[in-house]
$ cat target32.cif   # mmCIF, C-alpha atoms
data_start
loop_
_atom_site.label_atom_id
_atom_site.label_comp_id
_atom_site.auth_asym_id
_atom_site.auth_seq_id
_atom_site.Cartn_x
_atom_site.Cartn_y
_atom_site.Cartn_z
CA MET A 1 0.00 0.00 0.00
CA TYR A 2 1.60 3.22 -1.24
CA VAL A 3 1.15 6.22 1.04
CA LEU A 4 1.44 9.97 0.58
CA MET A 5 2.16 11.50 3.98
CA ASP A 6 2.66 14.94 5.42
CA ILE A 7 4.31 15.21 8.82
CA MET A 8 5.06 18.06 11.19
CA VAL A 9 7.11 16.94 14.17
CA SER A 10 6.87 19.08 17.34
CA PRO A 11 9.39 18.28 20.07
CA GLY A 12 8.51 19.62 23.52
CA GLY A 13 10.69 20.55 26.45
CA VAL A 14 13.65 21.53 24.25
CA GLY A 15 13.42 25.32 24.32
CA THR A 16 12.36 27.57 21.48
CA SER A 17 14.67 26.31 18.72
CA VAL A 18 13.21 23.17 17.19
CA SER A 19 14.98 23.23 13.81
CA PRO A 20 17.83 20.86 14.87
CA TYR A 21 15.20 18.24 15.72
CA VAL A 22 13.33 18.75 12.48
CA ALA A 23 16.64 18.34 10.64
CA MET A 24 17.15 14.98 12.39
CA CYS A 25 13.88 13.69 10.91
CA GLN A 26 14.81 14.97 7.44
CA LYS A 27 17.99 12.93 7.72
CA ILE A 28 15.97 9.83 8.69
CA PHE A 29 13.67 10.19 5.66
CA GLU A 30 16.73 10.69 3.48
CA ASP A 31 18.54 7.63 4.87
CA ALA A 32 15.39 5.55 4.43
CA GLY A 33 15.43 6.35 0.72
CA LEU A 34 11.98 7.95 0.86
CA THR A 35 10.96 10.74 -1.51
CA HIS A 36 10.55 13.80 0.73
CA THR A 37 10.09 17.56 0.36
CA MET A 38 10.17 20.05 3.20
CA HIS A 39 7.79 23.04 3.31
CA GLY A 40 7.08 25.75 5.85
CA TYR A 41 4.81 23.58 8.04
CA GLY A 42 6.10 20.06 7.62
CA THR A 43 7.47 17.56 5.14
CA ASN A 44 5.81 15.60 2.36
CA VAL A 45 7.02 11.99 2.43
CA GLU A 46 5.95 9.15 0.16
CA GLY A 47 6.65 5.43 -0.11
CA GLU A 48 5.38 2.04 0.98
CA TRP A 49 3.30 2.12 4.18
CA GLU A 50 5.72 0.00 6.23
CA ASP A 51 8.76 2.04 5.20
CA VAL A 52 7.11 5.40 5.88
CA MET A 53 5.74 4.36 9.27
CA ALA A 54 9.07 2.82 10.30
CA ALA A 55 10.74 6.17 9.53
CA VAL A 56 8.17 8.03 11.63
CA LYS A 57 8.77 5.69 14.55
CA ARG A 58 12.54 6.08 14.25
CA CYS A 59 12.04 9.84 14.20
CA HIS A 60 10.23 9.71 17.57
CA GLU A 61 12.82 7.31 19.02
CA ASP A 62 15.82 9.37 17.88
CA LEU A 63 14.37 12.69 19.06
CA HIS A 64 13.59 11.24 22.47
CA ALA A 65 17.18 9.93 22.61
CA ALA A 66 18.37 13.44 21.70
CA GLY A 67 16.57 14.97 24.66
CA ALA A 68 13.00 15.72 23.59
CA VAL A 69 10.86 14.56 26.51
CA ARG A 70 7.58 14.97 24.64
CA ILE A 71 6.95 14.75 20.89
CA THR A 72 3.73 15.38 19.01
CA SER A 73 3.57 14.63 15.29
CA HIS A 74 0.77 15.92 13.13
CA MET A 75 0.33 13.66 10.13
CA LYS A 76 -1.81 13.43 7.03
CA VAL A 77 -1.79 9.94 5.57
CA GLY A 78 -3.36 9.26 2.18
CA THR A 79 -3.88 6.01 0.28
CA ARG A 80 -5.84 5.31 -2.90
CA VAL A 81 -6.65 2.18 -4.84
CA ASP A 82 -7.94 3.60 -8.13
CA ARG A 83 -4.57 4.70 -9.49
CA LYS A 84 -0.99 5.46 -8.55
CA GLN A 85 -0.47 9.12 -7.70
CA THR A 86 2.62 10.91 -6.43
CA MET A 87 2.90 14.17 -4.50
CA ALA A 88 4.22 15.81 -7.67
CA ASP A 89 1.09 14.62 -9.52
CA LYS A 90 -1.14 16.26 -6.92
CA VAL A 91 0.59 19.63 -7.19
CA SER A 92 0.72 19.61 -11.00
CA SER A 93 -2.97 18.69 -11.15
CA VAL A 94 -3.87 21.92 -9.34
CA GLN A 95 -1.28 23.91 -11.27
CA ASP A 96 -2.84 22.77 -14.57
CA LYS A 97 -6.20 24.20 -13.49
CA LEU A 98 -4.54 27.51 -12.57
CA ASP A 99 -2.65 27.71 -15.86
CA SER A 100 -5.73 27.03 -17.98
CA ARG A 101 -7.66 30.01 -16.61
CA MET B 102 6.72 3.15 23.21
CA TYR B 103 3.26 4.18 24.43
CA VAL B 104 1.37 6.51 22.10
CA LEU B 105 -1.61 8.83 22.50
CA MET B 106 -3.19 9.29 19.07
CA ASP B 107 -6.05 11.22 17.58
CA ILE B 108 -7.33 10.14 14.19
CA MET B 109 -9.94 11.47 11.78
CA VAL B 110 -10.47 9.15 8.82
CA SER B 111 -11.87 10.70 5.62
CA PRO B 112 -12.97 8.27 2.93
CA GLY B 113 -13.35 9.76 -0.56
CA GLY B 114 -15.49 8.73 -3.48
CA VAL B 115 -18.21 7.25 -1.28
CA GLY B 116 -20.87 9.95 -1.39
CA THR B 117 -21.83 12.32 1.39
CA SER B 118 -22.47 9.80 4.19
CA VAL B 119 -19.17 8.80 5.75
CA SER B 120 -20.43 7.58 9.14
CA PRO B 121 -20.60 3.86 8.14
CA TYR B 122 -16.88 4.03 7.32
CA VAL B 123 -16.02 5.81 10.54
CA ALA B 124 -17.97 3.11 12.40
CA MET B 125 -15.82 0.44 10.71
CA CYS B 126 -12.68 2.01 12.19
CA GLN B 127 -14.27 2.25 15.63
CA LYS B 128 -14.90 -1.49 15.42
CA ILE B 129 -11.26 -2.10 14.47
CA PHE B 130 -9.98 -0.11 17.47
CA GLU B 131 -12.43 -2.02 19.68
CA ASP B 132 -11.40 -5.44 18.35
CA ALA B 133 -7.72 -4.51 18.80
CA GLY B 134 -8.37 -3.93 22.50
CA LEU B 135 -7.22 -0.30 22.31
CA THR B 136 -8.60 2.37 24.62
CA HIS B 137 -10.57 4.71 22.34
CA THR B 138 -13.05 7.58 22.65
CA MET B 139 -14.92 9.16 19.76
CA HIS B 140 -15.51 12.93 19.58
CA GLY B 141 -17.01 15.24 16.99
CA TYR B 142 -13.87 15.42 14.84
CA GLY B 143 -12.15 12.09 15.31
CA THR B 144 -11.24 9.45 17.83
CA ASN B 145 -8.69 9.38 20.64
CA VAL B 146 -6.83 6.06 20.64
CA GLU B 147 -4.03 4.96 22.94
CA GLY B 148 -1.78 1.94 23.26
CA GLU B 149 1.59 0.56 22.24
CA TRP B 150 2.97 2.11 19.02
CA GLU B 151 2.90 -1.14 17.01
CA ASP B 152 -0.66 -1.99 18.05
CA VAL B 153 -2.02 1.49 17.31
CA MET B 154 -0.31 1.74 13.90
CA ALA B 155 -1.42 -1.78 12.93
CA ALA B 156 -5.01 -0.74 13.67
CA VAL B 157 -4.64 2.39 11.51
CA LYS B 158 -3.29 0.31 8.63
CA ARG B 159 -6.12 -2.20 8.95
CA CYS B 160 -8.58 0.70 8.95
CA HIS B 161 -7.23 1.90 5.56
CA GLU B 162 -7.20 -1.64 4.17
CA ASP B 163 -10.75 -2.46 5.29
CA LEU B 164 -12.22 0.83 4.06
CA HIS B 165 -10.59 0.38 0.67
CA ALA B 166 -12.04 -3.15 0.57
CA ALA B 167 -15.45 -1.65 1.44
CA GLY B 168 -15.35 0.68 -1.56
CA ALA B 169 -13.49 3.83 -0.51
CA VAL B 170 -11.17 4.58 -3.45
CA ARG B 171 -9.29 7.29 -1.59
CA ILE B 172 -8.71 7.68 2.15
CA THR B 173 -7.02 10.52 4.00
CA SER B 174 -6.37 10.18 7.71
CA HIS B 175 -5.46 13.16 9.85
CA MET B 176 -3.50 12.00 12.87
CA LYS B 177 -1.92 13.47 15.96
CA VAL B 178 0.64 11.11 17.47
CA GLY B 179 2.18 11.87 20.86
CA THR B 180 4.89 10.09 22.82
CA ARG B 181 6.70 11.10 25.98
CA VAL B 182 9.56 9.63 27.98
CA ASP B 183 9.37 11.59 31.23
CA ARG B 184 6.28 9.86 32.62
CA LYS B 185 3.30 7.73 31.71
CA GLN B 186 0.26 9.80 30.77
CA THR B 187 -3.15 8.70 29.49
CA MET B 188 -5.72 10.68 27.51
CA ALA B 189 -7.84 10.85 30.67
CA ASP B 190 -4.87 12.39 32.50
CA LYS B 191 -4.56 15.11 29.87
CA VAL B 192 -8.21 16.11 30.09
CA SER B 193 -8.32 16.06 33.90
CA SER B 194 -5.15 18.17 34.05
CA VAL B 195 -6.91 20.99 32.18
CA GLN B 196 -10.15 20.44 34.10
CA ASP B 197 -8.29 20.88 37.40
CA LYS B 198 -7.07 24.30 36.26
CA LEU B 199 -10.62 25.29 35.32
CA ASP B 200 -12.09 24.08 38.61
CA SER B 201 -9.53 25.95 40.73
CA ARG B 202 -10.40 29.35 39.29
CA MET C 203 -22.16 30.37 8.09
CA TYR C 204 -22.26 27.84 10.92
CA VAL C 205 -18.95 26.11 11.62
CA LEU C 206 -17.93 22.95 13.46
CA MET C 207 -14.34 23.37 14.59
CA ASP C 208 -11.74 21.31 16.39
CA ILE C 209 -8.76 23.14 17.86
CA MET C 210 -5.59 22.05 19.61
CA VAL C 211 -3.57 25.01 20.89
CA SER C 212 0.18 24.45 21.43
CA PRO C 213 2.02 27.21 23.27
CA GLY C 214 5.81 27.16 22.88
CA GLY C 215 8.54 28.45 25.12
CA VAL C 216 6.53 27.90 28.31
CA GLY C 217 8.08 24.71 29.66
CA THR C 218 6.51 21.27 29.73
CA SER C 219 3.22 22.09 31.43
CA VAL C 220 0.79 23.49 28.87
CA SER C 221 -2.50 22.75 30.65
CA PRO C 222 -2.84 26.23 32.23
CA TYR C 223 -2.74 27.72 28.73
CA VAL C 224 -5.25 25.23 27.37
CA ALA C 225 -7.52 26.11 30.30
CA MET C 226 -7.31 29.81 29.31
CA CYS C 227 -8.72 28.98 25.87
CA GLN C 228 -11.50 26.86 27.39
CA LYS C 229 -12.46 29.89 29.43
CA ILE C 230 -12.53 32.06 26.29
CA PHE C 231 -14.83 29.63 24.46
CA GLU C 232 -17.05 29.53 27.56
CA ASP C 233 -17.20 33.32 27.88
CA ALA C 234 -18.00 33.63 24.17
CA GLY C 235 -21.07 31.45 24.70
CA LEU C 236 -19.88 28.86 22.20
CA THR C 237 -20.80 25.17 22.53
CA HIS C 238 -17.52 23.41 23.32
CA THR C 239 -16.32 19.98 24.47
CA MET C 240 -12.76 19.12 25.42
CA HIS C 241 -11.18 15.78 24.48
CA GLY C 242 -7.71 14.31 24.84
CA TYR C 243 -6.27 16.10 21.80
CA GLY C 244 -8.19 19.34 21.54
CA THR C 245 -11.60 20.92 21.86
CA ASN C 246 -14.68 20.74 19.66
CA VAL C 247 -16.20 24.22 19.27
CA GLU C 248 -19.24 25.22 17.24
CA GLY C 249 -21.01 28.44 16.35
CA GLU C 250 -21.19 31.18 13.78
CA TRP C 251 -17.96 31.61 11.77
CA GLU C 252 -17.24 35.16 13.02
CA ASP C 253 -17.79 34.24 16.66
CA VAL C 254 -15.64 31.11 16.51
CA MET C 255 -12.77 32.82 14.69
CA ALA C 256 -12.89 35.82 17.05
CA ALA C 257 -12.50 33.39 19.97
CA VAL C 258 -9.51 31.71 18.31
CA LYS C 259 -7.86 35.08 17.78
CA ARG C 260 -8.48 36.10 21.37
CA CYS C 261 -6.99 32.79 22.48
CA HIS C 262 -3.73 33.56 20.63
CA GLU C 263 -3.69 37.14 21.93
CA ASP C 264 -4.31 36.16 25.56
CA LEU C 265 -1.76 33.33 25.55
CA HIS C 266 0.89 35.64 24.09
CA ALA C 267 0.02 38.16 26.82
CA ALA C 268 0.41 35.36 29.38
CA GLY C 269 3.94 34.60 28.24
CA ALA C 270 3.73 32.15 25.35
CA VAL C 271 6.23 33.48 22.80
CA ARG C 272 5.13 31.10 20.09
CA ILE C 273 1.71 29.50 19.56
CA THR C 274 0.67 26.95 16.97
CA SER C 275 -2.99 25.98 16.67
CA HIS C 276 -4.08 22.92 14.74
CA MET C 277 -7.63 23.39 13.55
CA LYS C 278 -10.27 21.47 11.64
CA VAL C 279 -12.96 23.77 10.28
CA GLY C 280 -16.10 22.32 8.73
CA THR C 281 -19.04 24.02 7.00
CA ARG C 282 -21.93 22.52 5.07
CA VAL C 283 -24.84 23.98 3.12
CA ASP C 284 -27.11 20.96 2.67
CA ARG C 285 -28.36 20.81 6.25
CA LYS C 286 -27.70 21.96 9.78
CA GLN C 287 -25.55 19.50 11.72
CA THR C 288 -24.10 19.76 15.22
CA MET C 289 -21.12 17.98 16.72
CA ALA C 290 -23.54 15.85 18.74
CA ASP C 291 -25.27 14.85 15.48
CA LYS C 292 -21.96 13.69 14.02
CA VAL C 293 -21.11 11.48 16.97
CA SER C 294 -24.60 9.98 17.26
CA SER C 295 -24.62 9.22 13.52
CA VAL C 296 -21.59 6.95 13.95
CA GLN C 297 -22.92 5.54 17.22
CA ASP C 298 -26.16 4.52 15.48
CA LYS C 299 -24.18 2.45 12.97
CA LEU C 300 -22.28 0.77 15.78
CA ASP C 301 -25.45 0.00 17.74
CA SER C 302 -27.24 -1.52 14.77
CA ARG C 303 -24.60 -4.17 14.15
CA MET D 304 -0.65 39.90 14.48
CA TYR D 305 1.29 38.21 11.71
CA VAL D 306 0.33 34.60 11.04
CA LEU D 307 2.00 31.69 9.27
CA MET D 308 -0.74 29.29 8.15
CA ASP D 309 -0.95 25.96 6.40
CA ILE D 310 -4.30 24.97 4.93
CA MET D 311 -5.64 21.88 3.21
CA VAL D 312 -9.16 22.36 1.91
CA SER D 313 -11.27 19.21 1.41
CA PRO D 314 -14.55 19.69 -0.48
CA GLY D 315 -17.08 16.87 -0.04
CA GLY D 316 -19.87 15.68 -2.30
CA VAL D 317 -18.08 16.75 -5.49
CA GLY D 318 -16.78 13.42 -6.78
CA THR D 319 -13.19 12.26 -6.81
CA SER D 320 -11.54 15.23 -8.54
CA VAL D 321 -10.94 17.98 -6.01
CA SER D 322 -8.17 19.88 -7.81
CA PRO D 323 -10.50 22.47 -9.45
CA TYR D 324 -11.67 23.44 -5.96
CA VAL D 325 -8.16 23.63 -4.58
CA ALA D 326 -7.26 25.86 -7.54
CA MET D 327 -10.12 28.21 -6.61
CA CYS D 328 -8.59 28.75 -3.18
CA GLN D 329 -5.15 29.34 -4.67
CA LYS D 330 -6.71 32.08 -6.78
CA ILE D 331 -8.30 33.63 -3.67
CA PHE D 332 -4.96 33.73 -1.82
CA GLU D 333 -3.37 35.23 -4.92
CA ASP D 334 -6.05 37.90 -5.32
CA ALA D 335 -5.76 38.77 -1.62
CA GLY D 336 -2.09 39.56 -2.12
CA LEU D 337 -0.99 36.95 0.41
CA THR D 338 2.35 35.15 0.15
CA HIS D 339 1.44 31.53 -0.59
CA THR D 340 3.16 28.32 -1.69
CA MET D 341 1.41 25.09 -2.61
CA HIS D 342 2.80 21.69 -1.59
CA GLY D 343 1.53 18.12 -1.89
CA TYR D 344 -0.78 18.33 1.13
CA GLY D 345 -1.86 21.93 1.31
CA THR D 346 -0.73 25.50 0.94
CA ASN D 347 1.47 27.70 3.12
CA VAL D 348 -0.08 31.17 3.44
CA GLU D 349 1.22 34.11 5.44
CA GLY D 350 0.03 37.61 6.25
CA GLU D 351 -1.90 39.63 8.79
CA TRP D 352 -4.40 37.58 10.82
CA GLU D 353 -7.49 39.41 9.52
CA ASP D 354 -6.41 39.15 5.88
CA VAL D 355 -5.55 35.45 6.10
CA MET D 356 -8.78 34.51 7.90
CA ALA D 357 -10.88 36.59 5.50
CA ALA D 358 -9.33 34.62 2.61
CA VAL D 359 -10.13 31.30 4.33
CA LYS D 360 -13.73 32.37 4.83
CA ARG D 361 -14.04 33.46 1.20
CA CYS D 362 -12.60 30.10 0.17
CA HIS D 363 -15.38 28.25 2.03
CA GLU D 364 -18.04 30.62 0.67
CA ASP D 365 -16.87 30.34 -2.95
CA LEU D 366 -16.51 26.56 -2.89
CA HIS D 367 -20.00 26.18 -1.45
CA ALA D 368 -21.28 28.48 -4.21
CA ALA D 369 -19.44 26.28 -6.74
CA GLY D 370 -21.28 23.16 -5.56
CA ALA D 371 -19.35 21.73 -2.62
CA VAL D 372 -22.03 20.81 -0.07
CA ARG D 373 -19.53 20.07 2.67
CA ILE D 374 -16.04 21.52 3.19
CA THR D 375 -13.48 20.61 5.83
CA SER D 376 -10.30 22.66 6.11
CA HIS D 377 -7.31 21.43 8.07
CA MET D 378 -5.27 24.39 9.25
CA LYS D 379 -2.10 25.06 11.16
CA VAL D 380 -1.99 28.62 12.47
CA GLY D 381 1.19 29.99 14.01
CA THR D 382 1.90 33.31 15.70
CA ARG D 383 4.96 34.49 17.63
CA VAL D 384 5.81 37.64 19.53
CA ASP D 385 9.58 37.28 20.02
CA ARG D 386 10.57 38.07 16.44
CA LYS D 387 9.29 38.29 12.89
CA GLN D 388 9.66 35.01 11.01
CA THR D 389 8.51 34.07 7.51
CA MET D 390 7.83 30.61 6.06
CA ALA D 391 11.05 30.94 4.07
CA ASP D 392 12.93 31.59 7.33
CA LYS D 393 11.55 28.39 8.84
CA VAL D 394 12.63 26.23 5.91
CA SER D 395 16.09 27.78 5.64
CA SER D 396 16.63 27.36 9.40
CA VAL D 397 16.26 23.58 9.01
CA GLN D 398 18.23 23.55 5.76
CA ASP D 399 21.15 25.27 7.50
CA LYS D 400 21.31 22.46 10.07
CA LEU D 401 21.31 19.86 7.29
CA ASP D 402 24.02 21.65 5.32
CA SER D 403 26.33 21.97 8.32
CA ARG D 404 26.45 18.24 8.97
#
$ encode --input "target32.cif" --output "structure tokens"
Amino acid sequence: MYVLMDIMVSPGGVGTSVSPYVAMCQKIFEDAGLTHTMHGYGTNVEGEWEDVMAAVKRCHEDLHAAGAVRITSHMKVGTRVDRKQTMADKVSSVQDKLDSR
Amino acid sequence: MYVLMDIMVSPGGVGTSVSPYVAMCQKIFEDAGLTHTMHGYGTNVEGEWEDVMAAVKRCHEDLHAAGAVRITSHMKVGTRVDRKQTMADKVSSVQDKLDSR
Amino acid sequence: MYVLMDIMVSPGGVGTSVSPYVAMCQKIFEDAGLTHTMHGYGTNVEGEWEDVMAAVKRCHEDLHAAGAVRITSHMKVGTRVDRKQTMADKVSSVQDKLDSR
Amino acid sequence: MYVLMDIMVSPGGVGTSVSPYVAMCQKIFEDAGLTHTMHGYGTNVEGEWEDVMAAVKRCHEDLHAAGAVRITSHMKVGTRVDRKQTMADKVSSVQDKLDSR
């Protein structure tokens, strides 16, 4: 089952600068070989369900090990069975509508 | 790793009535023996990481099998390493502040 | 335009105990006369669009005034034009399906 | 109060193709003069609180007028009082950590 995910990881109890922790998760997605794109409020990640969820779990485990006592992740998880669709497909589908105006 | 989750499952391509699909997921959480409470915009679920995520995956699989061509789940996933906390603890912690005013 | 909202307010830079801040928002929803129910990962709030959004804004303003340097709110905002529906209607609609099994 | 927002608009009761509706909201953010960037699971929008929220409301109103009987928006809304920060700042802050490894 292929999954398109968006994740925003919020470590708690680490002070006001959370970017080092977010960078740790980016590295995990990268090392897992998952297609991923960061934006201003999270990261789009896509791949097989088991691979994506394993990366999310490792993200929580590594951030706890790095000192984050609490972590809340906000995720959007999408699957479809009618056809294969990538994140890039979703964005270009909207862009096509905008361009044809 | 104990996880407190909130999940809102949105099946697509099934018409305007989504409650039968939401009920299917409630049944899955129940059968998995996970503590769960429904509210107006989702369901609080808590348990061990592997058990909770297996239930979420089964929810997507079963809803696809029941005719939902697309499914998007919106999840909040929280873990903490300083102390054990349940959903009930979180709510009562806020309620205590309200009662002491 | 009647809106069914779910909101989870996350103050940052205030240490590990966020419940006093969450309680402040509960008080704001209460004072605004909005129907609201707290759960383990947020609060369901319903009412007219302008009233609900004014309460959310006041929540950010008051929490900043109380010392939260950063605030992130995660919201679900639902409107419909086919019929009036309350949060209680949504929950009972799913419960009916579960009871009829 | 300056706000960094992420929004994913989900129209219901319009069939499986939602991209024309998403494009309508993009156009609204554009016409409102708000800085906005689309990604695979939503759109980053930033500006003054009143301007951003007015655009969200117009998005719901216009999509209902275009035939969407139900609309659910998933939003992240962030404010901070310690310093001015843009979406681009947030992304580059994480990117800096990745580059310095």
$ closest_atom_pairs --input "target32.cif" --of "chain A" --to "chain C" --cutoff "7 Å" --atoms "only C-alpha atoms" --output "Markdown table"
| residue | atom | partner | partner_atom | distance |
| --- | --- | --- | --- | --- |
| A:Gly12 | CA | C:Thr218 | CA | 6.7 |
| A:Gly13 | CA | C:Thr218 | CA | 5.4 |
| A:Gly15 | CA | C:Gly215 | CA | 5.9 |
| A:Thr16 | CA | C:Gly215 | CA | 5.3 |
$ atom_distance --input "target32.cif" --atom1 "atom CA of D:Glu349" --atom2 "atom CA of C:Ser275"
14.5 Å
$ calpha_fit_and_write --input "target32.cif" --fixed "chain B" --moving "chain D" --output "tab-separated table (two decimals) with C-alpha atoms, in the frame of the given file"
chain	number	residue	atom	x	y	z
D	304	MET	CA	6.70	3.17	23.23
D	305	TYR	CA	3.26	4.19	24.43
D	306	VAL	CA	1.37	6.51	22.10
D	307	LEU	CA	-1.61	8.83	22.50
D	308	MET	CA	-3.20	9.28	19.07
D	309	ASP	CA	-6.07	11.22	17.59
D	310	ILE	CA	-7.35	10.13	14.19
D	311	MET	CA	-9.94	11.44	11.78
D	312	VAL	CA	-10.47	9.14	8.82
D	313	SER	CA	-11.88	10.71	5.63
D	314	PRO	CA	-12.97	8.25	2.92
D	315	GLY	CA	-13.34	9.77	-0.56
D	316	GLY	CA	-15.49	8.73	-3.49
D	317	VAL	CA	-18.22	7.24	-1.28
D	318	GLY	CA	-20.87	9.96	-1.41
D	319	THR	CA	-21.82	12.31	1.38
D	320	SER	CA	-22.46	9.79	4.18
D	321	VAL	CA	-19.16	8.80	5.75
D	322	SER	CA	-20.42	7.58	9.13
D	323	PRO	CA	-20.59	3.86	8.14
D	324	TYR	CA	-16.88	4.04	7.32
D	325	VAL	CA	-16.02	5.82	10.54
D	326	ALA	CA	-17.96	3.12	12.40
D	327	MET	CA	-15.81	0.45	10.72
D	328	CYS	CA	-12.68	2.01	12.18
D	329	GLN	CA	-14.27	2.25	15.62
D	330	LYS	CA	-14.91	-1.48	15.42
D	331	ILE	CA	-11.26	-2.10	14.47
D	332	PHE	CA	-9.98	-0.12	17.48
D	333	GLU	CA	-12.43	-2.01	19.67
D	334	ASP	CA	-11.39	-5.42	18.34
D	335	ALA	CA	-7.72	-4.50	18.81
D	336	GLY	CA	-8.36	-3.93	22.49
D	337	LEU	CA	-7.22	-0.31	22.32
D	338	THR	CA	-8.61	2.37	24.63
D	339	HIS	CA	-10.57	4.70	22.35
D	340	THR	CA	-13.06	7.56	22.65
D	341	MET	CA	-14.93	9.16	19.77
D	342	HIS	CA	-15.51	12.92	19.60
D	343	GLY	CA	-17.01	15.25	16.99
D	344	TYR	CA	-13.87	15.41	14.84
D	345	GLY	CA	-12.16	12.10	15.32
D	346	THR	CA	-11.25	9.45	17.83
D	347	ASN	CA	-8.70	9.39	20.65
D	348	VAL	CA	-6.84	6.05	20.64
D	349	GLU	CA	-4.04	4.96	22.95
D	350	GLY	CA	-1.78	1.95	23.27
D	351	GLU	CA	1.58	0.57	22.23
D	352	TRP	CA	2.96	2.12	19.02
D	353	GLU	CA	2.90	-1.13	17.01
D	354	ASP	CA	-0.66	-1.99	18.05
D	355	VAL	CA	-2.02	1.49	17.30
D	356	MET	CA	-0.32	1.74	13.90
D	357	ALA	CA	-1.41	-1.78	12.94
D	358	ALA	CA	-5.02	-0.74	13.67
D	359	VAL	CA	-4.64	2.39	11.50
D	360	LYS	CA	-3.29	0.31	8.64
D	361	ARG	CA	-6.13	-2.20	8.96
D	362	CYS	CA	-8.57	0.71	8.94
D	363	HIS	CA	-7.23	1.91	5.57
D	364	GLU	CA	-7.19	-1.64	4.18
D	365	ASP	CA	-10.75	-2.44	5.28
D	366	LEU	CA	-12.22	0.84	4.06
D	367	HIS	CA	-10.59	0.38	0.66
D	368	ALA	CA	-12.04	-3.15	0.56
D	369	ALA	CA	-15.45	-1.66	1.44
D	370	GLY	CA	-15.35	0.68	-1.57
D	371	ALA	CA	-13.49	3.82	-0.52
D	372	VAL	CA	-11.17	4.58	-3.45
D	373	ARG	CA	-9.29	7.29	-1.59
D	374	ILE	CA	-8.72	7.67	2.16
D	375	THR	CA	-7.01	10.51	4.00
D	376	SER	CA	-6.38	10.17	7.73
D	377	HIS	CA	-5.47	13.16	9.86
D	378	MET	CA	-3.51	12.00	12.89
D	379	LYS	CA	-1.93	13.47	15.97
D	380	VAL	CA	0.64	11.12	17.47
D	381	GLY	CA	2.15	11.86	20.86
D	382	THR	CA	4.90	10.10	22.80
D	383	ARG	CA	6.71	11.12	25.99
D	384	VAL	CA	9.56	9.63	27.97
D	385	ASP	CA	9.36	11.60	31.24
D	386	ARG	CA	6.28	9.87	32.62
D	387	LYS	CA	3.30	7.73	31.70
D	388	GLN	CA	0.26	9.80	30.77
D	389	THR	CA	-3.14	8.69	29.48
D	390	MET	CA	-5.73	10.68	27.51
D	391	ALA	CA	-7.84	10.85	30.66
D	392	ASP	CA	-4.87	12.39	32.50
D	393	LYS	CA	-4.56	15.10	29.87
D	394	VAL	CA	-8.22	16.10	30.09
D	395	SER	CA	-8.32	16.06	33.89
D	396	SER	CA	-5.13	18.17	34.05
D	397	VAL	CA	-6.91	20.97	32.18
D	398	GLN	CA	-10.15	20.43	34.10
D	399	ASP	CA	-8.28	20.87	37.39
D	400	LYS	CA	-7.06	24.30	36.27
D	401	LEU	CA	-10.60	25.30	35.33
D	402	ASP	CA	-12.06	24.08	38.61
D	403	SER	CA	-9.51	25.95	40.72
D	404	ARG	CA	-10.39	29.34	39.27
$ residues_around --input "target32.cif" --residues "C:Thr237" --least-positions-apart "2" --cutoff "9 Å" --atoms "only C-alpha atoms" --output "ChimeraX atom specification"
/C:231-232,235,239,246-249
$ atom_distance --input "target32.cif" --atom1 "atom CA of B:Lys158" --atom2 "atom CA of B:Val178"
14.5 Å
$ closest_residue --input "target32.cif" --among "A:Gly67, A:Met38, A:Met75, A:Ala32" --to "A:Ala54" --atoms "all atoms listed in the file"
A:Ala32
$ resolve_selection --input "target32.cif" --expression "the PyMOL selection byres ((chain B and resi 120) around 9)" --output "PyMOL selection string"
(chain B and resi 118-119+121-125) or (chain C and resi 292-293+295-297+299)
